[in-house]
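For reference, target_8.pdb is printed below; it contains PDB, C-alpha atoms (C1' of nucleotides).
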ATOM      1  CA  MET A   1     -48.053  27.581 104.749  1.00  0.00           C
ATOM      2  CA  HIS A   2     -50.522  24.851 104.986  1.00  0.00           C
ATOM      3  CA  LYS A   3     -53.552  25.289 107.080  1.00  0.00           C
ATOM      4  CA  LYS A   4     -54.777  28.412 108.605  1.00  0.00           C
ATOM      5  CA  THR A   5     -54.875  28.479 112.298  1.00  0.00           C
ATOM      6  CA  GLN A   6     -56.784  31.680 111.602  1.00  0.00           C
ATOM      7  CA  GLU A   7     -59.653  30.330 113.612  1.00  0.00           C
ATOM      8  CA  ASP A   8     -59.145  33.467 115.579  1.00  0.00           C
ATOM      9  CA  SER A   9     -62.561  34.290 116.843  1.00  0.00           C
ATOM     10  CA  PHE A  10     -63.631  37.857 117.028  1.00  0.00           C
ATOM     11  CA  TYR A  11     -62.653  37.769 120.664  1.00  0.00           C
ATOM     12  CA  ASP A  12     -59.164  36.549 119.880  1.00  0.00           C
ATOM     13  CA  LYS A  13     -58.681  39.376 117.425  1.00  0.00           C
ATOM     14  CA  VAL A  14     -59.780  41.841 120.065  1.00  0.00           C
ATOM     15  CA  TYR A  15     -57.298  40.390 122.534  1.00  0.00           C
ATOM     16  CA  ALA A  16     -54.522  40.446 119.947  1.00  0.00           C
ATOM     17  CA  VAL A  17     -55.042  44.140 119.353  1.00  0.00           C
ATOM     18  CA  ALA A  18     -55.528  44.983 123.018  1.00  0.00           C
ATOM     19  CA  ARG A  19     -52.179  43.390 123.827  1.00  0.00           C
ATOM     20  CA  GLN A  20     -50.517  45.845 121.443  1.00  0.00           C
ATOM     21  CA  ILE A  21     -51.626  48.866 123.424  1.00  0.00           C
ATOM     22  CA  PRO A  22     -48.391  50.520 124.571  1.00  0.00           C
ATOM     23  CA  HIS A  23     -47.687  51.057 128.238  1.00  0.00           C
ATOM     24  CA  GLY A  24     -49.180  54.318 129.426  1.00  0.00           C
ATOM     25  CA  ARG A  25     -51.493  54.645 126.463  1.00  0.00           C
ATOM     26  CA  VAL A  26     -55.195  53.920 126.020  1.00  0.00           C
ATOM     27  CA  THR A  27     -57.649  53.149 123.245  1.00  0.00           C
ATOM     28  CA  SER A  28     -61.380  52.846 122.844  1.00  0.00           C
ATOM     29  CA  TYR A  29     -63.682  49.917 122.177  1.00  0.00           C
ATOM     30  CA  GLY A  30     -64.875  51.577 119.002  1.00  0.00           C
ATOM     31  CA  ALA A  31     -61.297  52.085 117.791  1.00  0.00           C
ATOM     32  CA  ILE A  32     -60.605  48.370 118.115  1.00  0.00           C
ATOM     33  CA  ALA A  33     -63.901  47.417 116.489  1.00  0.00           C
ATOM     34  CA  ASN A  34     -63.264  49.792 113.638  1.00  0.00           C
ATOM     35  CA  PHE A  35     -59.716  48.492 113.222  1.00  0.00           C
ATOM     36  CA  LEU A  36     -61.026  44.944 112.908  1.00  0.00           C
ATOM     37  CA  GLY A  37     -63.282  46.133 110.104  1.00  0.00           C
ATOM     38  CA  THR A  38     -66.416  45.520 112.109  1.00  0.00           C
ATOM     39  CA  ALA A  39     -67.509  48.962 113.181  1.00  0.00           C
ATOM     40  CA  GLY A  40     -70.581  48.564 115.299  1.00  0.00           C
ATOM     41  CA  THR A  41     -69.228  45.647 117.242  1.00  0.00           C
ATOM     42  CA  SER A  42     -67.781  47.947 119.836  1.00  0.00           C
ATOM     43  CA  ARG A  43     -70.119  46.352 122.343  1.00  0.00           C
ATOM     44  CA  MET A  44     -68.629  42.979 121.562  1.00  0.00           C
ATOM     45  CA  VAL A  45     -65.195  44.385 122.279  1.00  0.00           C
ATOM     46  CA  GLY A  46     -66.275  45.203 125.778  1.00  0.00           C
ATOM     47  CA  TYR A  47     -68.040  41.891 126.062  1.00  0.00           C
ATOM     48  CA  ALA A  48     -64.860  40.168 124.987  1.00  0.00           C
ATOM     49  CA  MET A  49     -63.016  41.903 127.786  1.00  0.00           C
ATOM     50  CA  GLY A  50     -65.307  40.165 130.197  1.00  0.00           C
ATOM     51  CA  ASN A  51     -63.770  36.932 129.027  1.00  0.00           C
ATOM     52  CA  CYS A  52     -60.167  38.117 129.154  1.00  0.00           C
ATOM     53  CA  PRO A  53     -59.515  37.467 132.878  1.00  0.00           C
ATOM     54  CA  GLY A  54     -57.379  34.368 133.107  1.00  0.00           C
ATOM     55  CA  LEU A  55     -56.082  34.544 129.551  1.00  0.00           C
ATOM     56  CA  MET A  56     -52.469  34.031 128.656  1.00  0.00           C
ATOM     57  CA  PRO A  57     -50.837  36.289 127.977  1.00  0.00           C
ATOM     58  CA  PRO A  58     -52.922  38.690 130.030  1.00  0.00           C
ATOM     59  CA  VAL A  59     -54.903  41.388 128.258  1.00  0.00           C
ATOM     60  CA  PRO A  60     -54.384  44.977 129.480  1.00  0.00           C
ATOM     61  CA  ALA A  61     -58.109  45.610 129.556  1.00  0.00           C
ATOM     62  CA  HIS A  62     -57.568  48.598 131.807  1.00  0.00           C
ATOM     63  CA  ARG A  63     -56.117  50.437 128.800  1.00  0.00           C
ATOM     64  CA  VAL A  64     -59.409  50.112 126.944  1.00  0.00           C
ATOM     65  CA  VAL A  65     -61.950  52.805 127.692  1.00  0.00           C
ATOM     66  CA  ASN A  66     -64.963  54.200 125.885  1.00  0.00           C
ATOM     67  CA  ARG A  67     -64.880  56.861 123.184  1.00  0.00           C
ATOM     68  CA  ILE A  68     -64.642  59.791 125.602  1.00  0.00           C
ATOM     69  CA  GLY A  69     -62.011  58.238 127.826  1.00  0.00           C
ATOM     70  CA  LEU A  70     -64.451  57.200 130.515  1.00  0.00           C
ATOM     71  CA  LEU A  71     -63.460  54.176 132.586  1.00  0.00           C
ATOM     72  CA  THR A  72     -66.724  52.408 131.900  1.00  0.00           C
ATOM     73  CA  GLY A  73     -65.317  48.983 132.731  1.00  0.00           C
ATOM     74  CA  LYS A  74     -63.805  49.927 136.059  1.00  0.00           C
ATOM     75  CA  HIS A  75     -66.450  47.891 137.804  1.00  0.00           C
ATOM     76  CA  HIS A  76     -65.031  44.725 136.290  1.00  0.00           C
ATOM     77  CA  PHE A  77     -61.621  44.827 137.909  1.00  0.00           C
ATOM     78  CA  GLY A  78     -62.647  43.504 141.272  1.00  0.00           C
ATOM     79  CA  SER A  79     -62.482  46.935 142.800  1.00  0.00           C
ATOM     80  CA  PRO A  80     -64.138  50.096 141.422  1.00  0.00           C
ATOM     81  CA  THR A  81     -60.821  51.890 141.722  1.00  0.00           C
ATOM     82  CA  MET A  82     -58.568  49.129 140.434  1.00  0.00           C
ATOM     83  CA  MET A  83     -58.740  50.225 136.812  1.00  0.00           C
ATOM     84  CA  GLN A  84     -57.945  53.806 137.693  1.00  0.00           C
ATOM     85  CA  GLN A  85     -55.038  52.774 139.880  1.00  0.00           C
ATOM     86  CA  LEU A  86     -53.621  50.572 137.145  1.00  0.00           C
ATOM     87  CA  LEU A  87     -53.731  53.460 134.693  1.00  0.00           C
ATOM     88  CA  GLU A  88     -52.305  55.978 137.124  1.00  0.00           C
ATOM     89  CA  ASN A  89     -49.552  53.503 137.827  1.00  0.00           C
ATOM     90  CA  GLU A  90     -48.655  53.802 134.152  1.00  0.00           C
ATOM     91  CA  GLY A  91     -48.640  57.579 134.285  1.00  0.00           C
ATOM     92  CA  VAL A  92     -52.153  58.054 132.939  1.00  0.00           C
ATOM     93  CA  GLU A  93     -53.945  60.794 134.844  1.00  0.00           C
ATOM     94  CA  ILE A  94     -57.553  60.146 135.750  1.00  0.00           C
ATOM     95  CA  GLU A  95     -60.087  62.714 136.799  1.00  0.00           C
ATOM     96  CA  ASP A  96     -63.660  61.862 137.679  1.00  0.00           C
ATOM     97  CA  ASP A  97     -63.311  58.418 136.094  1.00  0.00           C
ATOM     98  CA  LYS A  98     -62.115  59.991 132.879  1.00  0.00           C
ATOM     99  CA  VAL A  99     -58.696  59.847 131.249  1.00  0.00           C
ATOM    100  CA  LYS A 100     -57.115  63.295 131.176  1.00  0.00           C
ATOM    101  CA  ASN A 101     -55.523  64.241 127.876  1.00  0.00           C
ATOM    102  CA  PHE A 102     -57.440  61.312 126.435  1.00  0.00           C
ATOM    103  CA  LYS A 103     -57.129  62.642 122.925  1.00  0.00           C
ATOM    104  CA  LYS A 104     -53.374  62.819 123.338  1.00  0.00           C
ATOM    105  CA  LEU A 105     -52.992  59.429 125.006  1.00  0.00           C
ATOM    106  CA  LEU A 106     -55.346  57.729 122.587  1.00  0.00           C
ATOM    107  CA  TRP A 107     -53.641  54.920 120.753  1.00  0.00           C
ATOM    108  CA  ASP A 108     -55.558  54.186 117.572  1.00  0.00           C
ATOM    109  CA  PRO A 109     -54.775  50.689 116.223  1.00  0.00           C
ATOM    110  CA  ALA A 110     -56.077  51.753 112.807  1.00  0.00           C
ATOM    111  CA  ILE A 111     -53.130  54.148 112.669  1.00  0.00           C
ATOM    112  CA  GLU A 112     -50.482  52.394 114.725  1.00  0.00           C
ATOM    113  CA  LEU A 113     -51.133  48.880 113.488  1.00  0.00           C
ATOM    114  CA  ASN A 114     -51.346  47.174 110.116  1.00  0.00           C
ATOM    115  CA  TYR A 115     -54.739  45.598 109.571  1.00  0.00           C
ATOM    116  CA  ASP A 116     -53.325  42.974 107.214  1.00  0.00           C
ATOM    117  CA  ASP A 117     -51.404  41.656 110.175  1.00  0.00           C
ATOM    118  CA  TYR A 118     -54.559  41.014 112.149  1.00  0.00           C
ATOM    119  CA  LYS A 119     -57.173  40.192 109.567  1.00  0.00           C
TER     120      LYS A 119
ATOM    121  C1'  DA B 120     -82.621  26.576 117.554  1.00  0.00           C
ATOM    122  C1'  DA B 121     -84.299  31.113 119.149  1.00  0.00           C
ATOM    123  C1'  DG B 122     -83.835  34.900 121.983  1.00  0.00           C
ATOM    124  C1'  DC B 123     -81.293  37.786 125.172  1.00  0.00           C
ATOM    125  C1'  DT B 124     -77.117  40.094 126.501  1.00  0.00           C
ATOM    126  C1'  DG B 125     -73.918  44.010 126.634  1.00  0.00           C
ATOM    127  C1'  DA B 126     -66.878  47.126 129.791  1.00  0.00           C
ATOM    128  C1'  DC B 127     -70.309  51.031 123.078  1.00  0.00           C
ATOM    129  C1'  DA B 128     -71.288  54.684 119.666  1.00  0.00           C
ATOM    130  C1'  DG B 129     -74.113  58.164 117.354  1.00  0.00           C
ATOM    131  C1'  DC B 130     -77.682  61.311 117.239  1.00  0.00           C
ATOM    132  C1'  DA B 131     -81.541  64.137 119.138  1.00  0.00           C
ATOM    133  C1'  DG B 132     -83.273  67.283 122.725  1.00  0.00           C
TER     134       DG B 132
ATOM    135  C1'  DC C 133     -71.832  70.225 128.846  1.00  0.00           C
ATOM    136  C1'  DC C 134     -75.491  66.195 130.044  1.00  0.00           C
ATOM    137  C1'  DT C 135     -79.501  62.790 129.423  1.00  0.00           C
ATOM    138  C1'  DG C 136     -82.064  59.480 126.830  1.00  0.00           C
ATOM    139  C1'  DC C 137     -83.236  56.417 122.769  1.00  0.00           C
ATOM    140  C1'  DT C 138     -81.692  53.520 118.925  1.00  0.00           C
ATOM    141  C1'  DG C 139     -78.661  50.463 116.235  1.00  0.00           C
ATOM    142  C1'  DC C 140     -75.153  47.289 116.182  1.00  0.00           C
ATOM    143  C1'  DC C 141     -73.751  42.061 116.080  1.00  0.00           C
ATOM    144  C1'  DA C 142     -70.829  37.928 117.995  1.00  0.00           C
ATOM    145  C1'  DG C 143     -71.317  35.100 121.813  1.00  0.00           C
ATOM    146  C1'  DC C 144     -73.889  32.749 125.440  1.00  0.00           C
ATOM    147  C1'  DT C 145     -77.959  30.313 127.672  1.00  0.00           C
TER     148       DT C 145
END
Turn this file's structure into structure tokens for me.
Amino acid sequence: MHKKTQEDSFYDKVYAVARQIPHGRVTSYGAIANFLGTAGTSRMVGYAMGNCPGLMPPVPAHRVVNRIGLLTGKHHFGSPTMMQQLLENEGVEIEDDKVKNFKKLLWDPAIELNYDDYK
DNA sequence: AAGCTGACAGCAG
DNA sequence: CCTGCTGCCAGCT
């Protein structure tokens, strides 16, 4: 253990967490922000997603929705229905741009993940 | 360097 | 339930 390599910008942390979202599950921007210990930066989480296209490995941004399960970022997937289709393809039911059973499908990193592993 | 942005969240009406 | 206003802060121009 010599240097750090922990240069991980806030964005990188967001991506790291987002990549842990299980297939067929979803989380919220606020949940990720809160998990990173920076509650209030939920907007940055979404902003970070705007930079994710082209990243390797890819970030399942379609699994990140707002606090009520609304597909607020659907307009950033090329097609307004792309995000919904991606989710439905994973078995996530969408109704009126909202994730059905959101509360049940919600994957909270603060519970599922260990913060010390991402700090 | 200074100001603006924004894929949100919380609260009030 | 919905609509609108405010706060939040890292990143970008």
(message) On this structure, the PyMOL selection byres ((chain C and resi 139) around 12) would catch which residues? List them as a list in words, sorted by chain and number.
(response)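 Output of the PyMOL selection byres ((chain C and resi 139) around 12): Ala39, Gly40, Thr41, Ser42 and Arg43 of chain A; DC127, DA128, DG129 and DC130 of chain B; DC137, DT138, DC140 and DC141 of chain C.
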(request) Identify, on the basis of all atoms listed in the file, every residue whose closest approach to segment 7-22 of chain A does not exceed 10 Å; exclude the query and any residue fewer than 6 positions from it along the same chain; express the result as a PyMOL selection string. (result) (chain A and resi 28-29+32-33+35-36+38+41+44-49+51-52+55+57-64+106-109+112-113+115+118-119) or (chain C and resi 142-143)
Output of the above residues as a compact mmCIF listing (two decimals), in the coordinates of the input, restricted to C-alpha atoms (C1' of nucleotides):
# COMPACT_ATOMS: atom_id res chain seq x y z
CA SER A 28 -61.38 52.85 122.84
CA TYR A 29 -63.68 49.92 122.18
CA ILE A 32 -60.60 48.37 118.12
CA ALA A 33 -63.90 47.42 116.49
CA PHE A 35 -59.72 48.49 113.22
CA LEU A 36 -61.03 44.94 112.91
CA THR A 38 -66.42 45.52 112.11
CA THR A 41 -69.23 45.65 117.24
CA MET A 44 -68.63 42.98 121.56
CA VAL A 45 -65.19 44.38 122.28
CA GLY A 46 -66.28 45.20 125.78
CA TYR A 47 -68.04 41.89 126.06
CA ALA A 48 -64.86 40.17 124.99
CA MET A 49 -63.02 41.90 127.79
CA ASN A 51 -63.77 36.93 129.03
CA CYS A 52 -60.17 38.12 129.15
CA LEU A 55 -56.08 34.54 129.55
CA PRO A 57 -50.84 36.29 127.98
CA PRO A 58 -52.92 38.69 130.03
CA VAL A 59 -54.90 41.39 128.26
CA PRO A 60 -54.38 44.98 129.48
CA ALA A 61 -58.11 45.61 129.56
CA HIS A 62 -57.57 48.60 131.81
CA ARG A 63 -56.12 50.44 128.80
CA VAL A 64 -59.41 50.11 126.94
CA LEU A 106 -55.35 57.73 122.59
CA TRP A 107 -53.64 54.92 120.75
CA ASP A 108 -55.56 54.19 117.57
CA PRO A 109 -54.78 50.69 116.22
CA GLU A 112 -50.48 52.39 114.72
CA LEU A 113 -51.13 48.88 113.49
CA TYR A 115 -54.74 45.60 109.57
CA TYR A 118 -54.56 41.01 112.15
CA LYS A 119 -57.17 40.19 109.57
C1' DA C 142 -70.83 37.93 118.00
C1' DG C 143 -71.32 35.10 121.81
(message) From the options A:Gly24, A:Asp117, A:Val65, A:Lys104, which residue's atoms come nearest to Val92 of chain A, counting all atoms listed in the file?
(response) A:Gly24
(request) Work out how far atom CA of Gly37 of chain A is from atom C1' of DT145 of chain C, in Å to one decimal. (result)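 Computing it gives 27.8 Å between the two atoms.
Atom CA of Thr72 of chain A sits 14.5 Å away from atom CA of Lys100 of chain A.
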(request) Pick out the closest residue to chain B from this set: A:Asn66, A:Gly73, A:Gly54, A:Arg25. Count only C-alpha atoms (C1' of nucleotides). (result)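 Checking each of A:Asn66, A:Gly73, A:Gly54, A:Arg25 against chain B, counting only C-alpha atoms (C1' of nucleotides), the winner is A:Gly73.
A straight line drawn from atom CA of Gly30 of chain A to atom CA of Pro80 of chain A is 22.5 Å long.
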(message) My list of candidates is A:Val26, A:Glu88, A:Asp97, A:Gly50. Which is closest to chain C when distances are computed with only C-alpha atoms (C1' of nucleotides)?
(response)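 Looking only at the distances to chain C, the closest residue turns out to be A:Gly50.
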(request) I would like the residues chosen by the PyMOL selection byres ((chain B and resi 122) around 12) on the shown file; could you give them as a count of residues only? (result) 6
(request) Counting all atoms listed in the file, figure out which residue out of A:Lys74, A:His23, A:Lys103, A:Lys98 gets nearest to chain B. (result)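 Going through A:Lys74, A:His23, A:Lys103, A:Lys98 one by one, the smallest distance to chain B is for A:Lys74.
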(message) Between A:Pro53, A:Ile68, A:Asn101, A:His76, which residue has the minimum interatomic distance to chain B, considering all atoms listed in the file?
(response) A:His76
Hey, could you patch up segment 44-55 of chain A with N, CA, C and O atoms and hand it over as a PDB file, keeping the file's coordinate frame?
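Everything below was put into part-v5.pdb:
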ATOM      1  N   MET A  44     -69.221  44.309 121.466  1.00  0.00           N
ATOM      2  CA  MET A  44     -68.629  42.979 121.562  1.00  0.00           C
ATOM      3  C   MET A  44     -67.227  43.077 122.116  1.00  0.00           C
ATOM      4  O   MET A  44     -66.745  42.192 122.789  1.00  0.00           O
ATOM      5  N   VAL A  45     -66.561  44.194 121.785  1.00  0.00           N
ATOM      6  CA  VAL A  45     -65.195  44.385 122.279  1.00  0.00           C
ATOM      7  C   VAL A  45     -65.217  44.395 123.805  1.00  0.00           C
ATOM      8  O   VAL A  45     -64.426  43.725 124.463  1.00  0.00           O
ATOM      9  N   GLY A  46     -66.144  45.141 124.326  1.00  0.00           N
ATOM     10  CA  GLY A  46     -66.275  45.203 125.778  1.00  0.00           C
ATOM     11  C   GLY A  46     -66.687  43.850 126.332  1.00  0.00           C
ATOM     12  O   GLY A  46     -66.187  43.403 127.362  1.00  0.00           O
ATOM     13  N   TYR A  47     -67.572  43.208 125.622  1.00  0.00           N
ATOM     14  CA  TYR A  47     -68.040  41.891 126.062  1.00  0.00           C
ATOM     15  C   TYR A  47     -66.870  40.918 126.087  1.00  0.00           C
ATOM     16  O   TYR A  47     -66.736  40.099 126.991  1.00  0.00           O
ATOM     17  N   ALA A  48     -66.031  41.044 125.077  1.00  0.00           N
ATOM     18  CA  ALA A  48     -64.860  40.168 124.987  1.00  0.00           C
ATOM     19  C   ALA A  48     -63.953  40.368 126.194  1.00  0.00           C
ATOM     20  O   ALA A  48     -63.368  39.419 126.719  1.00  0.00           O
ATOM     21  N   MET A  49     -63.857  41.585 126.632  1.00  0.00           N
ATOM     22  CA  MET A  49     -63.016  41.903 127.786  1.00  0.00           C
ATOM     23  C   MET A  49     -63.503  41.160 129.032  1.00  0.00           C
ATOM     24  O   MET A  49     -62.733  40.838 129.920  1.00  0.00           O
ATOM     25  N   GLY A  50     -64.765  40.896 129.048  1.00  0.00           N
ATOM     26  CA  GLY A  50     -65.307  40.165 130.197  1.00  0.00           C
ATOM     27  C   GLY A  50     -64.790  38.745 130.242  1.00  0.00           C
ATOM     28  O   GLY A  50     -64.821  38.090 131.278  1.00  0.00           O
ATOM     29  N   ASN A  51     -64.286  38.298 129.115  1.00  0.00           N
ATOM     30  CA  ASN A  51     -63.770  36.932 129.027  1.00  0.00           C
ATOM     31  C   ASN A  51     -62.253  36.897 129.166  1.00  0.00           C
ATOM     32  O   ASN A  51     -61.673  35.832 129.267  1.00  0.00           O
ATOM     33  N   CYS A  52     -61.621  38.065 129.136  1.00  0.00           N
ATOM     34  CA  CYS A  52     -60.167  38.117 129.154  1.00  0.00           C
ATOM     35  C   CYS A  52     -59.513  37.682 130.467  1.00  0.00           C
ATOM     36  O   CYS A  52     -58.413  37.149 130.442  1.00  0.00           O
ATOM     37  N   PRO A  53     -60.145  37.876 131.621  1.00  0.00           N
ATOM     38  CA  PRO A  53     -59.515  37.467 132.878  1.00  0.00           C
ATOM     39  C   PRO A  53     -59.117  35.999 132.838  1.00  0.00           C
ATOM     40  O   PRO A  53     -59.939  35.132 132.584  1.00  0.00           O
ATOM     41  N   GLY A  54     -57.845  35.751 133.095  1.00  0.00           N
ATOM     42  CA  GLY A  54     -57.379  34.368 133.107  1.00  0.00           C
ATOM     43  C   GLY A  54     -56.690  33.981 131.818  1.00  0.00           C
ATOM     44  O   GLY A  54     -56.130  32.898 131.713  1.00  0.00           O
ATOM     45  N   LEU A  55     -56.715  34.863 130.825  1.00  0.00           N
ATOM     46  CA  LEU A  55     -56.082  34.544 129.551  1.00  0.00           C
ATOM     47  C   LEU A  55     -54.573  34.671 129.636  1.00  0.00           C
ATOM     48  O   LEU A  55     -54.035  35.369 130.466  1.00  0.00           O
TER      49      LEU A  55
END
